[in-house]
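What follows is a short report on a single structure.
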Amino acid sequence: MTELNNSFSINSEKFGKNNVINILGRNWALIFLIFMLILFSFLGKNFFTLNNFNNIVLGVSSLLLLASGEAFVIISGGIDLSIGFVMGFVCVTTAIIMRDLNAAGYSPFISILTGSLVGLLLGLIPGMVNGFLVAKLRVPPFIATLGMWGITNGLAWRLCEGFPIGFIPLQVRDIGNAYIAYFSPKKGFSFFVKPELTERKDILSLLKIIPIPILLITLILVIFAFILSRTKFGQHTYVIGGKVDAARRAGINVPLHLIKIYIISSFFAATAGVLLVFKLNMGVHTQYTSSYELFAIAAVVIGGASLTGGKGTVWGTVIGVLLIGILDNGLMMMGLPIFYRYIATGCILIIAVLIDQFFPELVYKE
Amino acid sequence: MKKFIITLLLICLGLSFIAMAGVAKQLKFAFMPGIADPFYFTMEKGAKAKAAELGVELIVGEYPKAWGPEYQVPILKALVARGDIDLLFTAPTSVEALIPVLKEISDSGIPVITVDTYIGDGDYTKPSNYNFPLAFIGTDNFLGGEVVAGQLALLLGGKGKVFLENTNPDVSSVMGRELGFRAGLKIFPDMELVGVEYCLDIQETAVAQVGAALQKNPDLAGVFGVNVFSAQGAYQAVVSAGLGGAVKIATWDATETLIEALKRKELNLILAQMPAEIGSLAVEWGFKHLTEGAEIPKKVIPGFFVFTQENVNDPEAQQYIYK
């Protein structure tokens with residue numbers, strides 16, 4: 001791989017023009033993202049504000065996690081269709097546990113902690129089953145995870161009967177909607193606790209710095225980006241996705257590795273489910289929760305991964321998610337109806353695949 | 001042996017006549033709900049109370065786990081296959097697919113009333129292949145949307161910017177609410193609808209969309225969330241912006257979670273349909289039709305109940321919460 005990169009850089013030095021195309025091709029998503037930021041800042045009212053960026057990243061926070069987990073699966077040459085409903089299932093289960101413990105008289109701390117931990121642990125089971133089916137029983141990933149898609153949907157639905165699970169400790173929301181710091185021109189800086197403001201213009205001018213969920217998500221992403229790009233586990237993932245036979249010959253325990261990959265994907269989905277409870281102060285699951293995995297797959301592909309495996313990164317995926325989020329928010333701020341925003345996201349996805357198809361050597365490889 | 005069999009058959013025949021004679025004394029109504037949810041549970045409660053009052057036996061079909069004819073029709077067919085039903089009232093889960101199914105039931109001599117939802121366009125007065133039901137008893141979504149617009153205007157003193165958070169642009173009920181809301185706002189020249197978004201029942205999306213609307217319109221005064229998920233997303237966005245109470249939020253359907261938010265003063269008004277009333281009316285009109293030959297109006301629209309922060313704890317308001 002390094003040799004390949006070197007040969008590119010030598011080529012690029014020889015032909016300056018190629019060099020420019022190379023950089024543009026490799027980073028088209030990032031460049032497009034920056035271009036959009038500039039464009040919307042001019043066209044959308046109040047787009048370029050800290051509070052709007054908070055709104056954007058919080059709006060795609062579930063997708064950030066789901067897409068990063070999906071990136072692991074796609075790089076390993078598979079696909080996981082169950083993540084949206086795994087998130088819904090964990091979200092509902094966590095909320096039910098919190099609600100029932102709270103109603104039984106346990107302290108909010110115990111209720112919240114137990115609910116979150118049990119939710120996270122339960123959320124790992126779908127990944128284990130998916131991994132076992134794919135790795136040991138050789139069920140195609142599409143089918144195995146589609147089966148799990150149905151199972152988790154049915155379970156979640158049975159649990160919530162299509163209605164939101166409320167009546168959980170309000171502290172959940174206080175945690176989920178807190179920021180690391182606040183700055184008010186009137187009251188100055190404060191940390192973790194929102195300053196009391198009464199005037200509407202003071203409330204609107206309050207600067208909120210880094211939402212707690214985003215801090216947590218960033219931490220998780222840094223750890224997993226490191227695992228993917230700097231450890232043997234990460235290397236093996238790329239090798240399995242690129243050339244599975246070569247991976248077997250090299251002595252990699254492919255089945256075990258794949259099981260771990262699907263568990264990672266489920267872990268991300270479960271974390272997203274628990275965080276959703278904190279964000280919304282309730283457990284929700286509807287049939288539309290399944291649209292999440294499609295946007296997650298789209299983000300992974302926009303971020304430079306290939307559905308045939310062996311390519312992609314966590315940070316590329318993050319750019320893919322942000323691109324979808326900013327495109328949607330920016331066009332909304334411009335006043336464009338939702339229908340056109342779907343079309344725009346679709347176009348970007350097709351462009352991403354075309355770049356991957358026709359200029360595979362330009363897309364960033366690990 | 002032959003004699004024995006003939007005697008046995010005669011006994012059975014005799015018994016069945018006795019059984020039928022016993023049944024003839026009491027009317028049997030069947031209720032086929034649309035989906036397992038608190039709205040229809042409440043409707044059943046209202047119907048049961050009225051049935052008990054009138055001495056009608058009410059048989060309730062199994063609640064479908066999901067919305068759609070593929071779930072509802074098999075249960076419905078099993079329900080009428082009992083053969084002893086005098087009247088059916090049901091919430092058809094498809095305006096098209098349920099026409100032939102209900103037509104067959106109606107042709108077999110069981111009068112049909114549709115509740116909450118309808119077949120065709122719901123107008124059973126004009127000539128069509130779907131005008132056979134006795135009546136449609138249910139909510140008028142357009143009218144409800146107008147009521148919400150009026151109530152929100154009342155809260156806002158008749159002026160200000162409002163935003164509409166909708167769910168699915170392809171569902172007639174919520175689109176009816178949107179159109180009614182738009183029409184209702186036209187009466188107030190100083191009220192302005194600054195945007196409409198669709199969250200597809202994903203609450204996280206509703207939070208982001210209302211959050212963006214607040215960024216775009218810092219002077220936003222009110223939001224109408226057309227169902228439980230869009231309303232919850234709306235008040236979540238408003239509360240996390242620190243504007244709880246300053247931005248008025250109106251919604252539809254009195255579920256327990258929404259009532260709780262109203263008590264916390266994070267919501268301002270909830271328009272409740274009257275599912276218990278709908279169930280009760282279906283039994284009452286069906287009974288009058290079968291016993292007195294009364295002519296039922298083709299469309300019966302019960303009113304609404306508007307929950308506000310002031311009346312949410314009133315004892316008489318509690319009956320309108322969906323449980």
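Each chain in the structure tokens gets a letter, A, B and so on, in the order shown; residues start at 1 in every chain, and ligands are counted from 1 in the order they appear.
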
Subject >> Spatial neighbours of region 159-169 of chain B, max dist 6 Å, only C-alpha atoms, sep filter under 5 positions, as a list in words >> reply: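 Once the nearby chain positions are removed, what remains is Asp190, Met191, Glu192, Leu193, Val194, Gly195, Val196, Glu197, Tyr198, Cys199, Leu200, Asp201, Leu220, Ala221, Gly222, Val223, Phe224, Gly225, Val226 and Ser230 of chain B.
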
**OP:** Give the residues of chain A that lie within 8 Å of chain B; count only C-alpha atoms, and format the answer as a VMD selection string.
**Re:** chain A and resid 45 to 47 51 to 52 55 to 56 58 to 59 161 to 167 177 200 203 to 204 276 280 284 286 288 to 289 329 332 to 333 335 337 to 338

**OP:** Determine, counting only C-alpha atoms, which protein, DNA and RNA residues have an atom within 7 Å of an atom of Gly312 (chain A); residues of the same chain fewer than 5 positions away are not included. Present the result as a ChimeraX atom specification.
**Re:** /A:71,75,303-306,365

Subject >> For region 112-124 of chain A: contacts at 10 Å, only C-alpha atoms, fewer than 4 positions along chain excluded, given as a ChimeraX atom specification >> reply: /A:83,86-102,106-108,128-129,152,168-169,171-172,262-275,277-278

Original post:
Quick one: residues within 6 Å of region 137-149 of chain B, only C-alpha atoms counted, chain neighbours fewer than 2 positions away excluded, as a PyMOL selection string?
Top reply: chain B and resi 115-116+151-152+173+176-177+180-181+184-185+299-301

Original post:
Taking the backbone alone, and naming residues the way the document does, which bits of region 48-81 of chain B are strand (DSSP E or B) by DSSP, as number ranges by chain?
Top reply: B: 57-60

**OP:** Could you tell me how far CA of Leu37 (chain A) lies from CA of Ile326 (chain A), in Å and to one decimal?
**Re:** 7.6 Å

Subject >> For CA of Ala49 (chain B) and CA of Phe287 (chain B), the interatomic separation in Å (one decimal) >> reply: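 Computing it gives 13.5 Å between the two atoms.
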
**OP:** Would you list the contacts of Met43 (chain B) as number ranges by chain, taking every protein, DNA or RNA residue within 12 Å and counting only C-alpha atoms, but skipping same-chain residues closer than 2 positions in sequence?
**Re:** B: 31-41, 45-50, 60, 89-91, 115-116, 137-138, 273-283, 319-323

Can those selected residues be exported to a file as a PDB file, in the first residue's frame so that it contains C-alpha atoms?
```pdb
ATOM      1  CA  PHE B  31     -66.051  -3.621  16.359  1.00  0.00           C
ATOM      2  CA  MET B  32     -62.982  -4.050  14.157  1.00  0.00           C
ATOM      3  CA  PRO B  33     -60.258  -1.535  15.166  1.00  0.00           C
ATOM      4  CA  GLY B  34     -57.569  -0.192  12.833  1.00  0.00           C
ATOM      5  CA  ILE B  35     -54.471  -0.826  14.926  1.00  0.00           C
ATOM      6  CA  ALA B  36     -53.459  -1.581  18.504  1.00  0.00           C
ATOM      7  CA  ASP B  37     -53.102   1.907  19.952  1.00  0.00           C
ATOM      8  CA  PRO B  38     -54.596   4.003  22.768  1.00  0.00           C
ATOM      9  CA  PHE B  39     -56.885   5.843  20.346  1.00  0.00           C
ATOM     10  CA  TYR B  40     -58.797   2.672  19.465  1.00  0.00           C
ATOM     11  CA  PHE B  41     -58.593   1.293  23.015  1.00  0.00           C
ATOM     12  CA  LYS B  45     -64.209   1.758  26.054  1.00  0.00           C
ATOM     13  CA  GLY B  46     -66.777   4.310  24.835  1.00  0.00           C
ATOM     14  CA  ALA B  47     -68.529   1.705  22.693  1.00  0.00           C
ATOM     15  CA  LYS B  48     -68.593  -0.833  25.538  1.00  0.00           C
ATOM     16  CA  ALA B  49     -70.172   1.640  27.941  1.00  0.00           C
ATOM     17  CA  LYS B  50     -72.921   2.535  25.470  1.00  0.00           C
ATOM     18  CA  VAL B  60     -64.247  -6.750  19.541  1.00  0.00           C
ATOM     19  CA  PHE B  89     -68.419  -0.827  12.855  1.00  0.00           C
ATOM     20  CA  THR B  90     -64.827  -0.599  11.770  1.00  0.00           C
ATOM     21  CA  ALA B  91     -61.958   1.737  10.967  1.00  0.00           C
ATOM     22  CA  VAL B 115     -65.487   4.961  12.284  1.00  0.00           C
ATOM     23  CA  ASP B 116     -62.442   7.280  12.398  1.00  0.00           C
ATOM     24  CA  ILE B 137     -68.481   8.660  12.260  1.00  0.00           C
ATOM     25  CA  GLY B 138     -65.138  10.316  12.789  1.00  0.00           C
ATOM     26  CA  GLN B 273     -60.307  13.847  19.214  1.00  0.00           C
ATOM     27  CA  MET B 274     -63.116  12.035  20.953  1.00  0.00           C
ATOM     28  CA  PRO B 275     -62.519   8.353  20.367  1.00  0.00           C
ATOM     29  CA  ALA B 276     -64.814   7.277  23.208  1.00  0.00           C
ATOM     30  CA  GLU B 277     -67.551   9.486  21.776  1.00  0.00           C
ATOM     31  CA  ILE B 278     -67.040   7.976  18.311  1.00  0.00           C
ATOM     32  CA  GLY B 279     -67.397   4.432  19.698  1.00  0.00           C
ATOM     33  CA  SER B 280     -70.434   5.400  21.725  1.00  0.00           C
ATOM     34  CA  LEU B 281     -72.125   7.103  18.760  1.00  0.00           C
ATOM     35  CA  ALA B 282     -71.529   4.091  16.511  1.00  0.00           C
ATOM     36  CA  VAL B 283     -73.314   1.797  18.981  1.00  0.00           C
ATOM     37  CA  GLN B 319     -62.015  11.331  30.146  1.00  0.00           C
ATOM     38  CA  TYR B 320     -60.523  12.748  26.943  1.00  0.00           C
ATOM     39  CA  ILE B 321     -57.011  11.413  27.595  1.00  0.00           C
ATOM     40  CA  TYR B 322     -56.254   8.366  25.437  1.00  0.00           C
ATOM     41  CA  LYS B 323     -55.529   5.428  27.686  1.00  0.00           C
TER      42      LYS B 323
END
```

Original post:
Can you tell me how far CA of Ala29 (chain A) sits from CA of Ser82 (chain A), in Å to one decimal?
Top reply: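 CA of Ser82 (chain A) lies at a distance of 26.3 Å from CA of Ala29 (chain A).
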
**OP:** Would you kindly return, as number ranges by chain, each protein, DNA or RNA residue with an atom no farther than 8 Å from any atom of Lys243 (chain A), considering only C-alpha atoms and excluding same-chain residues fewer than 4 positions away?
**Re:** A: 239, 247, 310

Original post:
From the list A:Trp149, A:Tyr340, A:Phe359, A:Phe192, which residue is nearest Leu24 (chain A) when using only C-alpha atoms?
Top reply: A:Phe359
